[in-house]
Every structure is written in structure tokens, then in C-alpha cells.
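The block underneath contains the structure these notes are about, expressed in C-alpha cells.
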Amino acid sequence: EHRWRKRGISAVPLTYGHSYVYAAGTGALVNISSSDGSVTVHHGGCEIGQGIHTKVAQVTAVSLGCPLEHVRIADTNTEVVPNMRFTGGSITSEVACEAVRRACKQLNETLAPHREFLKKKAEGKEPEWAAVVAAANSLLAHQENLSATGIFAP
């Protein structure tokens, strides 16, 4: 009834197409330091407050079975992880986490024989992270490659 102020309800359909932009995928590089077992992760996402570094660190720790304190997320750098895509639409965190998970899967395949050997040696007790990394880097193990890349395109 007011002359200037009117009230009502409106519905506006909206789509936010962003998945197709990731056709080439985004990558991740996971490096395990043989000296202390620390893990450095480079990923193709840009932290702008959405918590991507926290999510990637958690995925890394859970995937590798290492303490979260050992995981360090490196600054975004296109010289390390090229061909990054835009950050938007809540997809970047998940894409980066999946790329990191795939890299960790490769590392777990490398570490599995050493983990099993140490587990048998300790009569079934799960070995500590630093011991597994040290075993993989020993001269007897031919100094395994403790670096892996993962790429994911949804």
C-alpha cells in the first residue's frame, strides 16, 4: 500500500559453470624429506581465505599416515606447479586435494614394502613415520624416490 516501497518474492535461476575450465586438470607435487620425514606440498590452488592449505595438509597427512605437524604447504608458485586454473565456485579445494591424494597414493606404493618390513620386524606394531622414511632412504633400499606428482581433472 506504500507509494514507494513494495515487497515481494522473486526467484532467479542461475548457473555457475566452472567445471569445464578444469579440462586440463590441476597438479600437485609432494616431496618427503629423507632427513626428518617432513612433507612439503605444492599444489595448483591459490589460498584466498577458503582454507585450501588446511584441507590439502589434512588430506596429505591422512593419505600418507604421517603426523599433520610434518606437513608444510608451500607458497603457490607456477614454476613448480604450472598450468593452474582459477580459484572459484568451491571447486579448487577439492581438485587440489584429489591431485594431492593421487600423488600420496604413488608415495604409499613406494613406502609400502618398507612399512611392511618394519611392521614384521616390530611384530605387527605399526612403525612410526620417520622410521618408514628412513628405511626407504637407506642404502639397502637403493634410496627410493620420495617425490611424486598428481594430476586431477574433474
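Ligands are numbered from 1 in the order shown, chains are lettered A, B, ... in the order of the C-alpha cells, and residues start at 1 in each chain.
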
DSSP on the backbone, strand (DSSP E) only: what residues of chain A does that give? Format it as an mmCIF file with N, CA and C atoms, in the first residue's frame.
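Saved to out.cif:
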```cif
data_model
loop_
_atom_site.group_PDB
_atom_site.id
_atom_site.type_symbol
_atom_site.label_atom_id
_atom_site.label_comp_id
_atom_site.auth_asym_id
_atom_site.auth_seq_id
_atom_site.Cartn_x
_atom_site.Cartn_y
_atom_site.Cartn_z
ATOM 1 N N THR A 26 44.538 -29.893 -12.704
ATOM 2 C CA THR A 26 45.487 -29.140 -11.895
ATOM 3 C C THR A 26 46.378 -30.150 -11.200
ATOM 4 N N GLY A 27 47.539 -29.714 -10.822
ATOM 5 C CA GLY A 27 48.514 -30.658 -10.312
ATOM 6 C C GLY A 27 48.925 -30.420 -8.882
ATOM 7 N N ALA A 28 49.709 -31.356 -8.391
ATOM 8 C CA ALA A 28 50.279 -31.265 -7.049
ATOM 9 C C ALA A 28 51.620 -31.989 -7.060
ATOM 10 N N LEU A 29 52.523 -31.484 -6.271
ATOM 11 C CA LEU A 29 53.838 -32.094 -6.094
ATOM 12 C C LEU A 29 54.034 -32.325 -4.603
ATOM 13 N N VAL A 30 54.317 -33.560 -4.224
ATOM 14 C CA VAL A 30 54.515 -33.911 -2.825
ATOM 15 C C VAL A 30 55.932 -34.448 -2.669
ATOM 16 N N ASN A 31 56.709 -33.810 -1.809
ATOM 17 C CA ASN A 31 58.090 -34.218 -1.543
ATOM 18 C C ASN A 31 58.227 -34.610 -0.081
ATOM 19 N N ILE A 32 58.859 -35.756 0.164
ATOM 20 C CA ILE A 32 59.135 -36.199 1.526
ATOM 21 C C ILE A 32 60.632 -36.041 1.757
ATOM 22 N N VAL A 39 57.103 -33.300 5.114
ATOM 23 C CA VAL A 39 56.453 -33.396 3.810
ATOM 24 C C VAL A 39 56.151 -31.982 3.332
ATOM 25 N N THR A 40 56.623 -31.662 2.127
ATOM 26 C CA THR A 40 56.340 -30.363 1.521
ATOM 27 C C THR A 40 55.405 -30.586 0.343
ATOM 28 N N VAL A 41 54.321 -29.816 0.313
ATOM 29 C CA VAL A 41 53.314 -29.973 -0.724
ATOM 30 C C VAL A 41 53.182 -28.676 -1.518
ATOM 31 N N HIS A 42 53.265 -28.807 -2.829
ATOM 32 C CA HIS A 42 52.965 -27.705 -3.746
ATOM 33 C C HIS A 42 51.691 -28.110 -4.476
ATOM 34 N N HIS A 43 50.748 -27.203 -4.599
ATOM 35 C CA HIS A 43 49.510 -27.553 -5.305
ATOM 36 C C HIS A 43 49.075 -26.400 -6.198
ATOM 37 N N VAL A 71 53.593 -31.867 7.888
ATOM 38 C CA VAL A 71 53.184 -31.400 6.564
ATOM 39 C C VAL A 71 53.306 -29.884 6.477
ATOM 40 N N ARG A 72 53.966 -29.424 5.422
ATOM 41 C CA ARG A 72 54.114 -27.992 5.164
ATOM 42 C C ARG A 72 53.597 -27.716 3.756
ATOM 43 N N ILE A 73 52.728 -26.735 3.642
ATOM 44 C CA ILE A 73 52.196 -26.348 2.344
ATOM 45 C C ILE A 73 53.019 -25.168 1.834
ATOM 46 N N SER A 147 59.396 -38.394 -4.038
ATOM 47 C CA SER A 147 58.741 -37.248 -4.651
ATOM 48 C C SER A 147 57.734 -37.774 -5.667
ATOM 49 N N ALA A 148 56.536 -37.196 -5.669
ATOM 50 C CA ALA A 148 55.512 -37.664 -6.606
ATOM 51 C C ALA A 148 54.613 -36.510 -7.028
ATOM 52 N N THR A 149 54.088 -36.621 -8.223
ATOM 53 C CA THR A 149 53.139 -35.630 -8.717
ATOM 54 C C THR A 149 51.790 -36.302 -8.939
ATOM 55 N N GLY A 150 50.762 -35.513 -8.773
ATOM 56 C CA GLY A 150 49.415 -35.984 -9.033
ATOM 57 C C GLY A 150 48.677 -34.945 -9.852
ATOM 58 N N ILE A 151 47.854 -35.414 -10.774
ATOM 59 C CA ILE A 151 47.063 -34.510 -11.602
ATOM 60 C C ILE A 151 45.619 -34.986 -11.551
ATOM 61 N N PHE A 152 44.706 -34.026 -11.426
ATOM 62 C CA PHE A 152 43.291 -34.383 -11.408
ATOM 63 C C PHE A 152 42.499 -33.392 -12.249
#
```

Query raised in the report: Can you list every residue in segment 21-105 of chain A that DSSP puts in helix (DSSP H, G or I), as a ChimeraX atom specification?
Result: /A:21-24,52-64,68-70,92-105

Selected residues written out with N, CA, C and O atoms, as a short mmCIF file (atom, residue, chain, number, x, y, z; two decimals), in the first residue's frame:
```
data_model
loop_
_atom_site.label_atom_id
_atom_site.label_comp_id
_atom_site.auth_asym_id
_atom_site.auth_seq_id
_atom_site.Cartn_x
_atom_site.Cartn_y
_atom_site.Cartn_z
N VAL A 21 36.36 -25.70 -17.19
CA VAL A 21 37.62 -24.98 -17.29
C VAL A 21 38.77 -25.85 -16.80
O VAL A 21 39.92 -25.67 -17.17
N TYR A 22 38.47 -26.87 -15.99
CA TYR A 22 39.50 -27.74 -15.44
C TYR A 22 39.80 -28.92 -16.36
O TYR A 22 40.36 -29.90 -15.93
N ALA A 23 39.44 -28.83 -17.62
CA ALA A 23 39.65 -29.95 -18.53
C ALA A 23 41.10 -30.41 -18.55
O ALA A 23 41.39 -31.60 -18.69
N ALA A 24 42.04 -29.50 -18.42
CA ALA A 24 43.46 -29.88 -18.42
C ALA A 24 43.91 -30.33 -17.04
O ALA A 24 45.01 -30.85 -16.91
N ILE A 52 42.12 -23.71 1.65
CA ILE A 52 42.66 -24.75 0.77
C ILE A 52 43.94 -25.35 1.33
O ILE A 52 44.15 -26.56 1.25
N HIS A 53 44.79 -24.54 1.93
CA HIS A 53 46.04 -25.07 2.50
C HIS A 53 45.75 -26.04 3.65
O HIS A 53 46.39 -27.08 3.77
N THR A 54 44.78 -25.71 4.47
CA THR A 54 44.41 -26.58 5.59
C THR A 54 43.86 -27.91 5.08
O THR A 54 44.24 -28.98 5.56
N LYS A 55 42.98 -27.85 4.09
CA LYS A 55 42.40 -29.07 3.54
C LYS A 55 43.46 -29.95 2.90
O LYS A 55 43.48 -31.16 3.10
N VAL A 56 44.36 -29.33 2.13
CA VAL A 56 45.41 -30.09 1.46
C VAL A 56 46.35 -30.72 2.49
O VAL A 56 46.75 -31.88 2.34
N ALA A 57 46.68 -30.00 3.54
CA ALA A 57 47.55 -30.56 4.59
C ALA A 57 46.88 -31.75 5.26
O ALA A 57 47.52 -32.78 5.53
N GLN A 58 45.59 -31.65 5.54
CA GLN A 58 44.87 -32.75 6.18
C GLN A 58 44.79 -33.97 5.28
O GLN A 58 45.00 -35.10 5.73
N VAL A 59 44.52 -33.75 3.99
CA VAL A 59 44.46 -34.86 3.04
C VAL A 59 45.82 -35.54 2.94
O VAL A 59 45.93 -36.77 2.91
N THR A 60 46.88 -34.73 2.92
CA THR A 60 48.24 -35.28 2.85
C THR A 60 48.53 -36.15 4.07
O THR A 60 49.02 -37.28 3.94
N ALA A 61 48.26 -35.63 5.25
CA ALA A 61 48.55 -36.37 6.48
C ALA A 61 47.76 -37.67 6.56
O ALA A 61 48.31 -38.71 6.91
N VAL A 62 46.50 -37.62 6.22
CA VAL A 62 45.67 -38.83 6.28
C VAL A 62 46.10 -39.83 5.21
O VAL A 62 46.21 -41.03 5.47
N SER A 63 46.38 -39.35 4.00
CA SER A 63 46.75 -40.24 2.90
C SER A 63 48.08 -40.94 3.14
O SER A 63 48.24 -42.11 2.82
N LEU A 64 49.05 -40.21 3.67
CA LEU A 64 50.36 -40.79 3.91
C LEU A 64 50.47 -41.50 5.26
O LEU A 64 51.37 -42.30 5.47
N LEU A 68 50.22 -34.55 11.15
CA LEU A 68 49.90 -33.29 10.47
C LEU A 68 51.01 -32.26 10.67
O LEU A 68 51.25 -31.42 9.80
N GLU A 69 51.70 -32.34 11.79
CA GLU A 69 52.77 -31.38 12.08
C GLU A 69 53.94 -31.50 11.11
O GLU A 69 54.74 -30.58 10.97
N HIS A 70 54.05 -32.65 10.45
CA HIS A 70 55.14 -32.86 9.49
C HIS A 70 54.84 -32.28 8.11
O HIS A 70 55.73 -32.21 7.27
N THR A 92 38.09 -25.54 -6.36
CA THR A 92 39.55 -25.59 -6.33
C THR A 92 40.08 -26.42 -5.17
O THR A 92 41.03 -27.19 -5.33
N SER A 93 39.50 -26.29 -4.00
CA SER A 93 39.96 -27.06 -2.84
C SER A 93 39.85 -28.55 -3.10
O SER A 93 40.79 -29.30 -2.83
N GLU A 94 38.73 -28.98 -3.65
CA GLU A 94 38.52 -30.40 -3.90
C GLU A 94 39.44 -30.91 -5.00
O GLU A 94 39.97 -32.02 -4.91
N VAL A 95 39.64 -30.12 -6.04
CA VAL A 95 40.51 -30.54 -7.13
C VAL A 95 41.96 -30.65 -6.63
O VAL A 95 42.65 -31.63 -6.93
N ALA A 96 42.41 -29.67 -5.86
CA ALA A 96 43.77 -29.72 -5.32
C ALA A 96 43.93 -30.89 -4.36
O ALA A 96 44.96 -31.59 -4.38
N CYS A 97 42.93 -31.15 -3.53
CA CYS A 97 43.01 -32.28 -2.59
C CYS A 97 43.08 -33.61 -3.33
O CYS A 97 43.84 -34.50 -2.93
N GLU A 98 42.33 -33.75 -4.39
CA GLU A 98 42.37 -35.01 -5.15
C GLU A 98 43.71 -35.17 -5.86
O GLU A 98 44.25 -36.28 -5.92
N ALA A 99 44.27 -34.09 -6.38
CA ALA A 99 45.60 -34.17 -7.01
C ALA A 99 46.64 -34.59 -5.98
O ALA A 99 47.51 -35.43 -6.25
N VAL A 100 46.56 -34.03 -4.78
CA VAL A 100 47.49 -34.40 -3.71
C VAL A 100 47.28 -35.85 -3.29
O VAL A 100 48.24 -36.59 -3.07
N ARG A 101 46.04 -36.27 -3.19
CA ARG A 101 45.75 -37.66 -2.81
C ARG A 101 46.35 -38.64 -3.81
O ARG A 101 46.91 -39.68 -3.44
N ARG A 102 46.28 -38.30 -5.08
CA ARG A 102 46.85 -39.17 -6.12
C ARG A 102 48.38 -39.23 -6.01
O ARG A 102 48.98 -40.28 -6.22
N ALA A 103 48.99 -38.10 -5.70
CA ALA A 103 50.45 -38.09 -5.51
C ALA A 103 50.82 -38.93 -4.28
O ALA A 103 51.78 -39.70 -4.31
N CYS A 104 50.05 -38.79 -3.22
CA CYS A 104 50.30 -39.57 -2.00
C CYS A 104 50.11 -41.06 -2.24
O CYS A 104 50.81 -41.90 -1.64
N LYS A 105 49.18 -41.41 -3.11
CA LYS A 105 48.96 -42.81 -3.45
C LYS A 105 50.22 -43.41 -4.07
O LYS A 105 50.62 -44.53 -3.75
#
```

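Between Ala130 of chain A and the residues A:Val81, A:Cys46, A:Ala74, A:Leu111, the shortest atom-to-atom distance, using only C-alpha atoms, involves A:Leu111.
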
Requested in this report: Skip Gln143 of chain A itself and residues of its chain fewer than 5 positions away, then list as a VMD selection string all residues within 10 Å of it, counting only C-alpha atoms.
Outcome: chain A and resid 34 133 to 138

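Coordinates place atom CA of Gly44 of chain A at a distance of 5.0 Å from atom CA of Met84 of chain A.
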
Query - Selection: 10 Å around Glu128 of chain A, only C-alpha atoms, excl. self and same-chain fewer than 2 positions, as JSON, numbers by chain - result: {"A": [65, 66, 67, 115, 118, 119, 125, 126, 130, 131, 132, 133]}
